[in-house]
file entry-v3.tsv (TSV, C-alpha atoms and all ligand atoms)
chain	number	residue	atom	x	y	z
A	1	MET	CA	5.89	-35.00	-0.75
A	2	ALA	CA	6.78	-35.88	-4.31
A	3	ARG	CA	8.99	-33.38	-6.12
A	4	LEU	CA	7.85	-32.62	-9.66
A	5	SER	CA	9.53	-30.45	-12.22
A	6	ALA	CA	7.19	-30.59	-15.22
A	7	PRO	CA	6.64	-27.03	-16.52
A	8	LEU	CA	3.07	-25.75	-16.30
A	9	ASP	CA	1.19	-23.95	-19.06
A	10	THR	CA	0.16	-20.44	-18.04
A	11	THR	CA	-1.57	-19.75	-21.34
A	12	ASN	CA	-4.39	-22.19	-20.58
A	13	LEU	CA	-7.60	-20.47	-19.57
A	14	GLY	CA	-10.40	-21.75	-17.40
A	15	CYS	CA	-13.56	-22.88	-19.12
A	16	GLU	CA	-15.58	-19.70	-18.43
A	17	ALA	CA	-12.85	-17.34	-19.60
A	18	ARG	CA	-12.45	-19.46	-22.71
A	19	LEU	CA	-16.15	-19.13	-23.43
A	20	LEU	CA	-15.82	-15.35	-23.19
A	21	GLU	CA	-12.84	-15.41	-25.51
A	22	THR	CA	-14.67	-17.53	-28.08
A	23	GLY	CA	-17.71	-15.28	-27.87
A	24	LEU	CA	-15.67	-12.12	-28.33
A	25	ARG	CA	-13.79	-13.60	-31.27
A	26	ARG	CA	-17.13	-14.37	-32.88
A	27	LEU	CA	-18.35	-10.77	-32.50
A	28	ILE	CA	-15.23	-8.60	-32.68
A	29	VAL	CA	-12.95	-8.43	-35.68
A	30	GLY	CA	-9.26	-7.51	-35.75
A	31	GLN	CA	-8.83	-6.38	-32.13
A	32	ASP	CA	-7.15	-9.39	-30.57
A	33	GLU	CA	-5.14	-7.41	-28.04
A	34	ALA	CA	-8.28	-5.87	-26.57
A	35	ILE	CA	-9.95	-9.29	-26.43
A	36	ALA	CA	-6.93	-10.76	-24.63
A	37	GLN	CA	-6.97	-7.95	-22.05
A	38	ILE	CA	-10.65	-8.33	-21.26
A	39	VAL	CA	-10.41	-12.11	-21.04
A	40	ASN	CA	-7.39	-11.83	-18.71
A	41	GLY	CA	-9.23	-9.36	-16.49
A	42	TYR	CA	-12.22	-11.67	-16.32
A	43	GLN	CA	-10.00	-14.65	-15.53
A	44	MET	CA	-8.36	-12.71	-12.68
A	45	PHE	CA	-11.80	-11.79	-11.35
A	46	LEU	CA	-13.01	-15.41	-11.47
A	47	THR	CA	-9.99	-16.66	-9.57
A	48	GLY	CA	-10.14	-13.75	-7.11
A	49	MET	CA	-6.56	-12.82	-8.04
A	50	HIS	CA	-7.20	-9.19	-9.03
A	51	ALA	CA	-5.67	-6.55	-6.80
A	52	PRO	CA	-7.87	-5.94	-3.74
A	53	GLY	CA	-9.39	-2.50	-3.27
A	54	ARG	CA	-9.10	-1.63	-6.96
A	55	PRO	CA	-11.42	-2.20	-9.89
A	56	VAL	CA	-11.04	-5.61	-11.53
A	57	GLY	CA	-9.49	-3.92	-14.56
A	58	ASN	CA	-8.83	-0.37	-15.76
A	59	PHE	CA	-8.47	-0.28	-19.51
A	60	LEU	CA	-7.90	2.67	-21.79
A	61	PHE	CA	-9.00	2.04	-25.37
A	62	LEU	CA	-7.58	4.37	-28.00
A	63	GLY	CA	-7.94	4.35	-31.74
A	64	PRO	CA	-9.99	5.55	-34.67
A	65	THR	CA	-13.73	6.03	-34.66
A	66	GLY	CA	-15.79	2.98	-35.63
A	67	SER	CA	-13.07	0.46	-34.80
A	68	GLY	CA	-14.95	-1.43	-32.06
A	69	LYS	CA	-13.97	0.32	-28.81
A	70	THR	CA	-17.53	0.62	-27.58
A	71	ARG	CA	-18.75	-2.51	-29.30
A	72	ILE	CA	-16.26	-4.77	-27.51
A	73	VAL	CA	-17.50	-3.57	-24.12
A	74	GLU	CA	-21.12	-4.14	-25.11
A	75	ALA	CA	-20.22	-7.54	-26.53
A	76	THR	CA	-18.55	-8.50	-23.24
A	77	ALA	CA	-21.72	-7.62	-21.32
A	78	GLU	CA	-23.83	-9.41	-23.91
A	79	ILE	CA	-21.81	-12.59	-23.54
A	80	LEU	CA	-21.49	-12.53	-19.76
A	81	VAL	CA	-24.89	-11.23	-18.68
A	82	GLY	CA	-26.92	-11.58	-21.86
A	83	CYS	CA	-27.53	-7.87	-22.33
A	84	ALA	CA	-25.51	-5.15	-24.07
A	85	ARG	CA	-27.35	-2.53	-22.00
A	86	ALA	CA	-25.71	-3.85	-18.85
A	87	VAL	CA	-22.86	-1.40	-19.50
A	88	VAL	CA	-23.10	1.75	-17.37
A	89	THR	CA	-21.95	4.38	-19.87
A	90	ILE	CA	-20.80	7.85	-18.93
A	91	ASP	CA	-20.37	10.20	-21.86
A	92	CYS	CA	-17.66	12.47	-20.46
A	93	GLY	CA	-18.55	15.26	-22.90
A	94	GLU	CA	-21.86	15.68	-21.05
A	95	PHE	CA	-20.20	16.55	-17.77
A	96	GLN	CA	-18.04	19.52	-18.69
A	97	HIS	CA	-19.37	21.87	-16.00
A	98	SER	CA	-19.38	21.38	-12.30
A	99	HIS	CA	-23.17	21.56	-11.96
A	100	GLU	CA	-23.41	18.69	-14.40
A	101	ILE	CA	-21.36	16.53	-12.08
A	102	ALA	CA	-24.44	16.55	-9.80
A	103	LYS	CA	-26.15	14.41	-12.44
A	104	LEU	CA	-23.48	11.81	-11.87
A	105	ILE	CA	-23.12	11.84	-8.11
A	106	GLY	CA	-26.18	13.76	-6.88
A	107	SER	CA	-26.03	17.01	-4.97
A	108	PRO	CA	-25.26	17.34	-1.25
A	109	PRO	CA	-28.25	17.39	1.13
A	110	GLY	CA	-29.69	20.86	1.55
A	111	TYR	CA	-28.99	21.88	-2.04
A	112	LEU	CA	-31.90	22.92	-4.16
A	113	GLY	CA	-33.18	19.89	-6.02
A	114	HIS	CA	-31.28	17.45	-3.84
A	115	ARG	CA	-34.20	15.07	-3.60
A	116	GLU	CA	-34.87	15.10	-7.31
A	117	THR	CA	-31.38	14.19	-8.40
A	118	HIS	CA	-30.86	10.48	-8.62
A	119	PRO	CA	-27.16	10.01	-9.15
A	120	MET	CA	-26.31	8.17	-12.36
A	121	LEU	CA	-23.40	6.42	-10.74
A	122	SER	CA	-25.11	4.93	-7.69
A	123	GLN	CA	-24.49	1.44	-6.29
A	124	GLU	CA	-27.97	0.46	-7.49
A	125	THR	CA	-27.11	1.42	-11.09
A	126	LEU	CA	-23.88	-0.50	-10.85
A	127	ASN	CA	-25.59	-3.59	-9.45
A	128	GLN	CA	-28.56	-3.46	-11.80
A	129	PHE	CA	-27.37	-6.41	-13.85
A	130	THR	CA	-25.18	-8.23	-11.35
A	131	SER	CA	-26.35	-11.52	-9.92
A	132	GLU	CA	-25.23	-14.18	-7.48
A	133	LYS	CA	-23.74	-16.01	-10.43
A	134	LEU	CA	-21.80	-13.02	-11.72
A	135	ASP	CA	-21.15	-10.16	-9.33
A	136	LEU	CA	-19.33	-8.07	-11.92
A	137	SER	CA	-20.35	-4.76	-13.48
A	138	PHE	CA	-19.16	-2.93	-16.57
A	139	VAL	CA	-18.53	0.80	-16.59
A	140	LEU	CA	-17.58	2.76	-19.68
A	141	PHE	CA	-16.31	6.34	-19.64
A	142	ASP	CA	-16.55	7.50	-23.23
A	143	GLU	CA	-14.42	10.28	-24.72
A	144	ILE	CA	-12.43	10.93	-21.57
A	145	GLU	CA	-10.40	13.69	-23.23
A	146	LYS	CA	-13.55	15.81	-22.85
A	147	ALA	CA	-13.83	15.26	-19.08
A	148	SER	CA	-13.79	18.35	-16.87
A	149	ASP	CA	-11.35	18.64	-13.96
A	150	ALA	CA	-14.10	17.74	-11.52
A	151	LEU	CA	-14.83	14.56	-13.42
A	152	TRP	CA	-11.13	13.74	-13.62
A	153	ASN	CA	-10.87	13.84	-9.86
A	154	LEU	CA	-13.78	11.45	-9.51
A	155	LEU	CA	-12.28	9.21	-12.13
A	156	LEU	CA	-8.88	9.09	-10.45
A	157	GLY	CA	-10.50	8.03	-7.19
A	158	ILE	CA	-12.46	5.28	-8.93
A	159	LEU	CA	-9.44	3.95	-10.80
A	160	ASP	CA	-7.21	3.97	-7.73
A	161	LYS	CA	-9.42	3.12	-4.77
A	162	ALA	CA	-12.46	1.69	-6.51
A	163	THR	CA	-14.55	4.17	-4.56
A	164	LEU	CA	-16.75	7.11	-5.40
A	165	THR	CA	-18.35	9.34	-2.79
A	166	LEU	CA	-21.81	10.57	-3.75
A	167	GLY	CA	-23.15	14.04	-3.00
A	168	ASP	CA	-24.94	12.77	0.11
A	169	GLY	CA	-21.85	11.00	1.40
A	170	ARG	CA	-22.75	7.43	0.41
A	171	LYS	CA	-19.96	5.40	-1.14
A	172	VAL	CA	-20.10	3.47	-4.38
A	173	ASP	CA	-17.87	0.44	-4.61
A	174	PHE	CA	-16.21	-0.32	-7.95
A	175	SER	CA	-14.06	-3.21	-6.74
A	176	LYS	CA	-16.19	-5.62	-8.73
A	177	SER	CA	-16.22	-3.58	-11.92
A	178	LEU	CA	-14.36	-3.65	-15.17
A	179	ILE	CA	-13.66	-0.02	-16.04
A	180	PHE	CA	-13.25	0.96	-19.67
A	181	LEU	CA	-12.14	4.39	-20.80
A	182	THR	CA	-12.19	5.36	-24.45
A	183	SER	CA	-10.67	8.20	-26.39
A	184	ASN	CA	-10.07	9.10	-30.01
A	185	LEU	CA	-6.92	10.84	-28.86
A	186	GLY	CA	-4.05	10.48	-31.30
A	187	ALA	CA	-6.33	8.89	-33.88
A	188	SER	CA	-5.28	11.48	-36.46
A	189	ASN	CA	-1.57	10.85	-35.82
A	190	MET	CA	-2.22	7.17	-36.10
A	191	SER	CA	-4.14	7.40	-39.34
A	192	ALA	CA	-1.44	9.73	-40.71
A	193	LEU	CA	1.00	6.88	-40.15
A	194	THR	CA	-1.25	4.46	-41.99
A	195	THR	CA	-1.78	6.75	-44.94
A	196	ARG	CA	1.70	8.24	-45.16
A	197	GLY	CA	3.09	7.94	-48.64
A	198	LEU	CA	0.21	5.77	-49.69
A	199	GLY	CA	-2.64	8.22	-49.95
A	200	PHE	CA	-5.05	5.55	-48.73
A	201	VAL	CA	-5.32	3.10	-45.87
A	202	SER	CA	-3.59	-0.06	-46.85
A	203	PRO	CA	-5.96	-3.02	-46.51
A	204	ASP	CA	-3.46	-4.80	-44.29
A	205	PRO	CA	-1.01	-2.37	-42.73
A	206	GLY	CA	1.20	-5.25	-41.57
A	207	ALA	CA	2.45	-6.10	-38.10
A	208	ARG	CA	5.30	-3.57	-37.96
A	209	LEU	CA	3.17	-0.65	-39.03
A	210	ASN	CA	0.50	-1.69	-36.54
A	211	GLU	CA	3.11	-1.67	-33.83
A	212	LYS	CA	4.16	1.85	-34.85
A	213	ILE	CA	0.55	3.00	-34.81
A	214	ALA	CA	0.07	1.50	-31.36
A	215	GLN	CA	3.19	3.26	-30.13
A	216	ALA	CA	2.01	6.59	-31.54
A	217	GLY	CA	-1.26	6.09	-29.65
A	218	VAL	CA	0.39	5.31	-26.34
A	219	GLU	CA	2.77	8.26	-26.73
A	220	ALA	CA	-0.14	10.59	-27.43
A	221	ALA	CA	-1.84	9.33	-24.26
A	222	ARG	CA	1.30	9.90	-22.20
A	223	ARG	CA	1.56	13.46	-23.52
A	224	LYS	CA	-2.08	14.31	-22.93
A	225	PHE	CA	-2.81	12.61	-19.60
A	226	THR	CA	-1.04	13.04	-16.27
A	227	PRO	CA	1.30	10.30	-14.99
A	228	GLU	CA	-0.99	9.70	-12.01
A	229	PHE	CA	-3.77	8.78	-14.44
A	230	ILE	CA	-1.56	6.64	-16.70
A	231	ASN	CA	-0.17	4.82	-13.64
A	232	ARG	CA	-3.65	3.77	-12.60
A	233	LEU	CA	-4.32	1.97	-15.86
A	234	ASP	CA	-3.79	-1.74	-16.24
A	235	LYS	CA	-3.40	-1.46	-19.96
A	236	ILE	CA	-3.61	1.00	-22.84
A	237	VAL	CA	-4.92	-0.79	-25.92
A	238	VAL	CA	-4.71	0.88	-29.31
A	239	PHE	CA	-7.43	-0.32	-31.64
A	240	ARG	CA	-6.37	-0.92	-35.22
A	241	SER	CA	-7.93	0.81	-38.21
A	242	LEU	CA	-10.03	-1.73	-39.98
A	243	GLY	CA	-9.12	-2.80	-43.49
A	244	ASP	CA	-11.39	-3.95	-46.25
A	245	ALA	CA	-11.33	-7.65	-45.31
A	246	GLU	CA	-12.16	-6.82	-41.69
A	247	LEU	CA	-15.06	-4.57	-42.65
A	248	ARG	CA	-16.43	-7.44	-44.76
A	249	ARG	CA	-16.27	-9.78	-41.80
A	250	ILE	CA	-18.05	-7.21	-39.65
A	251	LEU	CA	-20.80	-6.97	-42.26
A	252	ASP	CA	-21.26	-10.74	-42.07
A	253	ILE	CA	-21.45	-10.57	-38.28
A	254	GLU	CA	-24.05	-7.80	-38.42
A	255	LEU	CA	-26.11	-9.72	-40.99
A	256	GLY	CA	-25.93	-12.77	-38.71
A	257	LEU	CA	-27.30	-10.61	-35.88
A	258	VAL	CA	-30.22	-9.50	-38.07
A	259	GLN	CA	-31.01	-13.16	-38.76
A	260	GLU	CA	-30.92	-13.84	-35.03
A	261	ARG	CA	-33.30	-10.94	-34.48
A	262	ILE	CA	-35.75	-12.46	-36.97
A	263	PHE	CA	-35.71	-15.78	-35.12
A	264	GLN	CA	-36.05	-14.18	-31.72
A	265	SER	CA	-38.77	-11.66	-32.50
A	266	PRO	CA	-42.01	-12.97	-31.00
A	267	SER	CA	-44.09	-11.20	-33.65
A	268	THR	CA	-42.15	-12.32	-36.72
A	269	LYS	CA	-42.77	-15.58	-38.52
A	270	PRO	CA	-39.36	-17.21	-38.76
A	271	PHE	CA	-37.72	-17.04	-42.17
A	272	VAL	CA	-34.17	-16.94	-43.45
A	273	PHE	CA	-32.52	-14.46	-45.76
A	274	SER	CA	-29.39	-14.36	-47.84
A	275	VAL	CA	-27.57	-11.42	-49.32
A	276	THR	CA	-25.86	-11.56	-52.71
A	277	ALA	CA	-22.26	-10.51	-53.17
A	278	ALA	CA	-23.42	-7.40	-55.07
A	279	ALA	CA	-25.75	-6.45	-52.23
A	280	LYS	CA	-22.97	-6.91	-49.71
A	281	ASP	CA	-20.71	-4.66	-51.77
A	282	TYR	CA	-23.47	-2.06	-51.76
A	283	LEU	CA	-23.90	-2.27	-47.98
A	284	LEU	CA	-20.16	-1.89	-47.54
A	285	ARG	CA	-20.08	1.16	-49.81
A	286	GLU	CA	-22.98	2.72	-47.90
A	287	GLY	CA	-21.91	1.81	-44.39
A	288	THR	CA	-18.14	1.87	-44.16
A	289	ASP	CA	-15.25	4.09	-45.08
A	290	VAL	CA	-11.68	4.88	-44.20
A	291	LYS	CA	-12.63	7.79	-41.97
A	292	TYR	CA	-15.53	6.32	-40.00
A	293	GLY	CA	-14.62	2.61	-40.01
A	294	ALA	CA	-17.75	0.54	-39.48
A	295	ARG	CA	-19.55	3.34	-37.65
A	296	HIS	CA	-22.42	3.68	-40.16
A	297	LEU	CA	-22.68	0.05	-41.15
A	298	LYS	CA	-25.56	-0.79	-38.83
A	299	ARG	CA	-27.50	2.23	-40.05
A	300	ALA	CA	-26.98	1.21	-43.67
A	301	ILE	CA	-28.20	-2.31	-42.85
A	302	GLU	CA	-31.27	-0.98	-41.02
A	303	ARG	CA	-32.17	1.45	-43.79
A	304	THR	CA	-31.61	-0.67	-46.86
A	305	LEU	CA	-32.27	-4.18	-45.57
A	306	VAL	CA	-34.18	-4.36	-42.29
A	307	GLN	CA	-36.77	-1.66	-43.00
A	308	PRO	CA	-37.79	-3.10	-46.40
A	309	MET	CA	-37.87	-6.56	-44.82
A	310	SER	CA	-40.16	-5.29	-42.11
A	311	ASN	CA	-42.57	-4.08	-44.83
A	312	LEU	CA	-42.42	-7.49	-46.48
A	313	ILE	CA	-43.30	-9.12	-43.16
A	314	ALA	CA	-46.13	-6.69	-42.39
A	315	SER	CA	-47.69	-7.08	-45.83
A	316	GLY	CA	-47.53	-10.87	-45.63
A	317	GLN	CA	-45.12	-11.25	-48.52
A	318	VAL	CA	-42.74	-13.22	-46.35
A	319	GLN	CA	-44.08	-16.22	-44.48
A	320	THR	CA	-42.78	-18.83	-42.09
A	321	GLY	CA	-40.21	-21.04	-43.81
A	322	ASP	CA	-39.50	-18.64	-46.67
A	323	TRP	CA	-36.01	-18.06	-47.95
A	324	LEU	CA	-35.66	-14.42	-48.88
A	325	ARG	CA	-32.91	-13.18	-51.13
A	326	ALA	CA	-31.62	-9.60	-51.11
A	327	ASP	CA	-29.81	-8.43	-54.22
A	328	PHE	CA	-28.57	-5.09	-55.55
A	329	ASP	CA	-29.86	-3.70	-58.82
A	330	SER	CA	-27.18	-1.48	-60.29
A	331	ALA	CA	-29.63	0.07	-62.81
A	332	THR	CA	-31.87	1.52	-60.08
A	333	THR	CA	-29.10	1.51	-57.43
A	334	ARG	CA	-31.52	-0.14	-55.03
A	335	MET	CA	-31.79	-3.32	-53.04
A	336	THR	CA	-34.24	-5.81	-54.50
A	337	PHE	CA	-35.92	-8.68	-52.71
A	338	SER	CA	-37.21	-11.98	-54.05
A	339	LEU	CA	-38.21	-15.36	-52.67
A	340	GLN	CA	-35.63	-17.99	-53.32
A	341	ALA	CA	-37.48	-20.90	-51.70
A	342	GLU	CA	-40.46	-21.64	-49.47
A	343	ASN	CA	-41.40	-24.30	-46.94
A	344	VAL	CA	-37.84	-24.53	-45.75
A	345	SER	CA	-37.82	-26.94	-42.80
A	346	PRO	CA	-37.01	-25.55	-39.35
A	347	PHE	CA	-33.88	-27.70	-39.38
A	348	ALA	CA	-32.71	-26.30	-42.71
A	349	MET	CA	-33.52	-22.77	-41.51
A	350	ALA	CA	-31.49	-23.27	-38.35
A	351	GLU	CA	-28.64	-24.63	-40.45
A	352	ALA	CA	-28.84	-21.68	-42.85
A	353	ALA	CA	-28.83	-19.25	-39.94
A	354	ARG	CA	-25.90	-21.03	-38.33
A	355	THR	CA	-23.82	-20.51	-41.43
A	356	SER	CA	-25.52	-17.20	-42.21
A	357	PRO	CA	-22.46	-14.95	-41.87
A	358	ALA	CA	-20.77	-16.92	-44.62
A	359	LEU	CA	-23.94	-17.06	-46.65
A	360	SER	CA	-23.44	-15.43	-49.98
A	361	VAL	CA	-25.22	-16.17	-53.20
A	362	ALA	CA	-23.54	-15.50	-56.52
A	363	ALA	CA	-24.84	-12.25	-57.92
A	401	LIG	N1	-13.72	-4.46	-34.58
A	401	LIG	C1	-15.04	-4.56	-34.75
A	401	LIG	N2	-15.65	-5.78	-34.71
A	401	LIG	C2	-16.99	-5.88	-34.91
A	401	LIG	N3	-17.80	-4.84	-35.13
A	401	LIG	C3	-17.26	-3.62	-35.20
A	401	LIG	C4	-15.87	-3.42	-35.01
A	401	LIG	N4	-15.61	-2.10	-35.13
A	401	LIG	C5	-16.78	-1.51	-35.38
A	401	LIG	N5	-17.79	-2.39	-35.43
A	401	LIG	C6	-19.18	-2.08	-35.78
A	401	LIG	O1	-19.28	-0.67	-35.91
A	401	LIG	C7	-20.14	-0.11	-34.92
A	401	LIG	C8	-19.48	1.12	-34.35
A	401	LIG	O2	-18.33	0.76	-33.61
A	401	LIG	P1	-18.00	1.34	-32.16
A	401	LIG	O3	-19.21	2.02	-31.63
A	401	LIG	O4	-17.43	0.25	-31.33
A	401	LIG	O5	-16.90	2.39	-32.56
A	401	LIG	P2	-15.90	3.15	-31.59
A	401	LIG	O6	-14.54	2.58	-31.83
A	401	LIG	O7	-16.42	3.13	-30.20
A	401	LIG	O8	-15.94	4.61	-32.23
A	401	LIG	P3	-16.01	6.07	-31.49
A	401	LIG	O9	-14.59	6.40	-31.17
A	401	LIG	O10	-16.58	6.95	-32.54
A	401	LIG	O11	-16.88	5.95	-30.29
A	401	LIG	C9	-20.33	-1.22	-33.91
A	401	LIG	O12	-21.59	-1.14	-33.31
A	401	LIG	C10	-20.19	-2.47	-34.73
A	401	LIG	O13	-21.40	-2.74	-35.40
A	402	MG	MG	-17.34	4.55	-28.95
call {"tool": "encode", "arguments": {"input": "entry-v3.tsv", "output": "structure tokens"}}
result
Amino acid sequence: MARLSAPLDTTNLGCEARLLETGLRRLIVGQDEAIAQIVNGYQMFLTGMHAPGRPVGNFLFLGPTGSGKTRIVEATAEILVGCARAVVTIDCGEFQHSHEIAKLIGSPPGYLGHRETHPMLSQETLNQFTSEKLDLSFVLFDEIEKASDALWNLLLGILDKATLTLGDGRKVDFSKSLIFLTSNLGASNMSALTTRGLGFVSPDPGARLNEKIAQAGVEAARRKFTPEFINRLDKIVVFRSLGDAELRRILDIELGLVQERIFQSPSTKPFVFSVTAAAKDYLLREGTDVKYGARHLKRAIERTLVQPMSNLIASGQVQTGDWLRADFDSATTRMTFSLQAENVSPFAMAEAARTSPALSVAA
């Protein structure tokens, strides 16, 4: 036996976890702590080092609306199993009354309607997107502060023992699940901290203020939730409010996703589009704000960009190899569209799409 004393590097990730990290960094802006937690959980799962008899990870995500709490979970599923819908989402607000719990776990045999109720949280639902290659599922409990006592009890069992007992006595196993819980709890305290004395959200609140905001979030969680719940969590992550620069990066990401959609749609002739700086400013004004973060950005993109583009496609005004340019006309306060080039080679289109998020034409 040779004795070695060289220190080892525990920050190195395996290849697969690194791919997840890179993917999340490409899709999620400004929430590095949450990315690190998910990647760590995944790494533990891959090496089989997560605690036995518990879910792979129990994460509570706090923070303002439209800051990426739900999006990061969907993005994780998208990257790992190729489908954002692979997340089993339970909207806790929908299960306030005990009879509604039957929707989740089914009713006991003998109850009226027993046969008709297919529990939402069955093993089949959980395993819907798992495969031999990746036997991992993603479960999201949204707005947990709205959960009824009955739901809390179920939740505590899942977080602690990775088990849920259905109405008919069958067990559901969550030991190969990443569990995400989200809440807007404390968001108002947190945003009060950001706006205090300023009257507006500073574009970059700075590391110390972010730390204070995170602390306020964690304290709010400790006040609201019981210790037995808090003790079952692996990590409480407080999402940051997004500043102007971050919202701009999110817009670029979303525009990149629209370009991807154009290339992937079987019924659309492939073309590329670019968006002028003025048009981007317009989309940001329409789709983002201090209160709702990036919550309405997608809707603004769909309404003012994608829908008109779909008309251009349907009426044959955009053809394969075209380069479409979207601009904003301040006189009519509308988006305008024009062709910037045609017969763009597939190679040039692929290149344009690759750099699409950064693509901005002078107004
Ligand atoms: N940090 C982020 N990175 C990338 N996209 C983001 C981010 N935050 C928000 N978005 C965009 O805004 C949309 C809404 O965000 P999301 O649904 O994740 O908000 P949320 O934090 O879950 O809010 P709520 O508390 O209201 O549920 C996302 O679909 C995504 O397009
Ligand atoms: Mg959400």
call {"tool": "closest_residue", "arguments": {"input": "entry-v3.tsv", "among": "A:Val290, A:Ala245, A:Leu155, A:Val272", "to": "Ile230 in chain A", "atoms": "all atoms listed in the file"}}
result
A:Leu155
call {"tool": "closest_residue", "arguments": {"input": "entry-v3.tsv", "among": "A:Lys69, A:Arg325, A:Arg232, A:Arg54", "to": "Phe174 in chain A", "atoms": "all atoms listed in the file"}}
result
A:Arg54
call {"tool": "residues_near_ligand", "arguments": {"input": "entry-v3.tsv", "ligand": "ligand MG 402 (chain A)", "cutoff": "7 Å", "atoms": "only C-alpha atoms and all ligand atoms", "output": "JSON list (two decimals) with C-alpha atoms, in the coordinates of the input"}}
result
[["chain", "number", "residue", "atom", "x", "y", "z"],
["A", 65, "THR", "CA", -13.73, 6.03, -34.66],
["A", 69, "LYS", "CA", -13.97, 0.32, -28.81],
["A", 70, "THR", "CA", -17.53, 0.62, -27.58],
["A", 142, "ASP", "CA", -16.55, 7.50, -23.23],
["A", 182, "THR", "CA", -12.19, 5.36, -24.45]]
call {"tool": "residues_near_ligand", "arguments": {"input": "entry-v3.tsv", "ligand": "ligand LIG 401 (chain A)", "cutoff": "8 Å", "atoms": "all atoms listed in the file", "output": "PyMOL selection string"}}
result
chain A and resi 27-31+62-72+142-143+182-184+239+242+246-247+249-250+253-254+292-298
call {"tool": "closest_residue", "arguments": {"input": "entry-v3.tsv", "among": "A:Thr268, A:Thr333, A:Gln259, A:Asn58", "to": "Asp234 in chain A", "atoms": "all atoms listed in the file"}}
result
A:Asn58
call {"tool": "residues_around", "arguments": {"input": "entry-v3.tsv", "residues": "range 74-90 of chain A", "least_positions_apart": "2", "cutoff": "9 Å", "atoms": "all atoms listed in the file", "output": "JSON, numbers by chain"}}
result
{"A": [19, 20, 23, 24, 27, 28, 38, 70, 71, 72, 92, 93, 94, 95, 104, 120, 121, 125, 126, 128, 129, 130, 131, 134, 137, 138, 139, 140, 141, 142, 143]}
call {"tool": "atom_distance", "arguments": {"input": "entry-v3.tsv", "atom1": "CA of Gln43 in chain A", "atom2": "CA of Thr163 in chain A"}}
result
22.3 Å
call {"tool": "residues_around", "arguments": {"input": "entry-v3.tsv", "residues": "Trp323 in chain A", "least_positions_apart": "6", "cutoff": "9 Å", "atoms": "only C-alpha atoms", "output": "PDB file with C-alpha atoms, in the coordinates of the input"}}
result
ATOM      1  CA  PHE A 271     -37.720 -17.040 -42.170  1.00  0.00           C
ATOM      2  CA  VAL A 272     -34.170 -16.940 -43.450  1.00  0.00           C
ATOM      3  CA  PHE A 273     -32.520 -14.460 -45.760  1.00  0.00           C
ATOM      4  CA  SER A 274     -29.390 -14.360 -47.840  1.00  0.00           C
ATOM      5  CA  SER A 338     -37.210 -11.980 -54.050  1.00  0.00           C
ATOM      6  CA  LEU A 339     -38.210 -15.360 -52.670  1.00  0.00           C
ATOM      7  CA  GLN A 340     -35.630 -17.990 -53.320  1.00  0.00           C
ATOM      8  CA  ALA A 341     -37.480 -20.900 -51.700  1.00  0.00           C
ATOM      9  CA  GLU A 342     -40.460 -21.640 -49.470  1.00  0.00           C
ATOM     10  CA  ASN A 343     -41.400 -24.300 -46.940  1.00  0.00           C
ATOM     11  CA  VAL A 344     -37.840 -24.530 -45.750  1.00  0.00           C
ATOM     12  CA  MET A 349     -33.520 -22.770 -41.510  1.00  0.00           C
TER      13      MET A 349
END
call {"tool": "closest_residue", "arguments": {"input": "entry-v3.tsv", "among": "A:Arg334, A:Arg299, A:Glu228, A:Ala221", "to": "Leu251 in chain A", "atoms": "all atoms listed in the file"}}
result
A:Arg299
call {"tool": "closest_residue", "arguments": {"input": "entry-v3.tsv", "among": "A:Val39, A:Met49, A:Leu255, A:Leu305", "to": "Asn12 in chain A", "atoms": "all atoms listed in the file"}}
result
A:Val39
call {"tool": "closest_residue", "arguments": {"input": "entry-v3.tsv", "among": "A:Lys161, A:Leu136, A:Gly316, A:Arg26", "to": "Leu257 in chain A", "atoms": "only C-alpha atoms"}}
result
A:Arg26
call {"tool": "atom_distance", "arguments": {"input": "entry-v3.tsv", "atom1": "CA of Lys224 in chain A", "atom2": "CA of Leu164 in chain A"}}
result
24.0 Å
call {"tool": "residues_near_point", "arguments": {"input": "entry-v3.tsv", "point": "(-8.1, -3.6, -1.8)", "cutoff": "9 Å", "atoms": "all atoms listed in the file", "output": "list of chain:residue names"}}
result
A:Ala51, A:Pro52, A:Gly53, A:Arg54, A:Pro55, A:Lys161, A:Ala162, A:Ser175
call {"tool": "atom_distance", "arguments": {"input": "entry-v3.tsv", "atom1": "CA of Glu21 in chain A", "atom2": "CA of Thr288 in chain A"}}
result
26.0 Å
call {"tool": "axis_aligned_box", "arguments": {"input": "entry-v3.tsv", "around": "range 67-72 of chain A", "padding_each_side": "6 Å", "output": "JSON"}}
result
{"center_x": -15.9, "center_y": -2.1, "center_z": -31.2, "size_x": 17.7, "size_y": 17.4, "size_z": 19.3}
call {"tool": "residues_near_point", "arguments": {"input": "entry-v3.tsv", "point": "(-8.8, -6.8, -17.3)", "cutoff": "7 Å", "atoms": "all atoms listed in the file", "output": "JSON, numbers by chain"}}
result
{"A": [37, 38, 39, 40, 41, 42, 56, 57, 58, 59, 178]}
call {"tool": "write_last_selection", "arguments": {"input": "entry-v3.tsv", "atoms": "C-alpha atoms", "output": "compact mmCIF listing (two decimals), in the coordinates of the input"}}
result
# COMPACT_ATOMS: atom_id res chain seq x y z
CA GLN A 37 -6.97 -7.95 -22.05
CA ILE A 38 -10.65 -8.33 -21.26
CA VAL A 39 -10.41 -12.11 -21.04
CA ASN A 40 -7.39 -11.83 -18.71
CA GLY A 41 -9.23 -9.36 -16.49
CA TYR A 42 -12.22 -11.67 -16.32
CA VAL A 56 -11.04 -5.61 -11.53
CA GLY A 57 -9.49 -3.92 -14.56
CA ASN A 58 -8.83 -0.37 -15.76
CA PHE A 59 -8.47 -0.28 -19.51
CA LEU A 178 -14.36 -3.65 -15.17
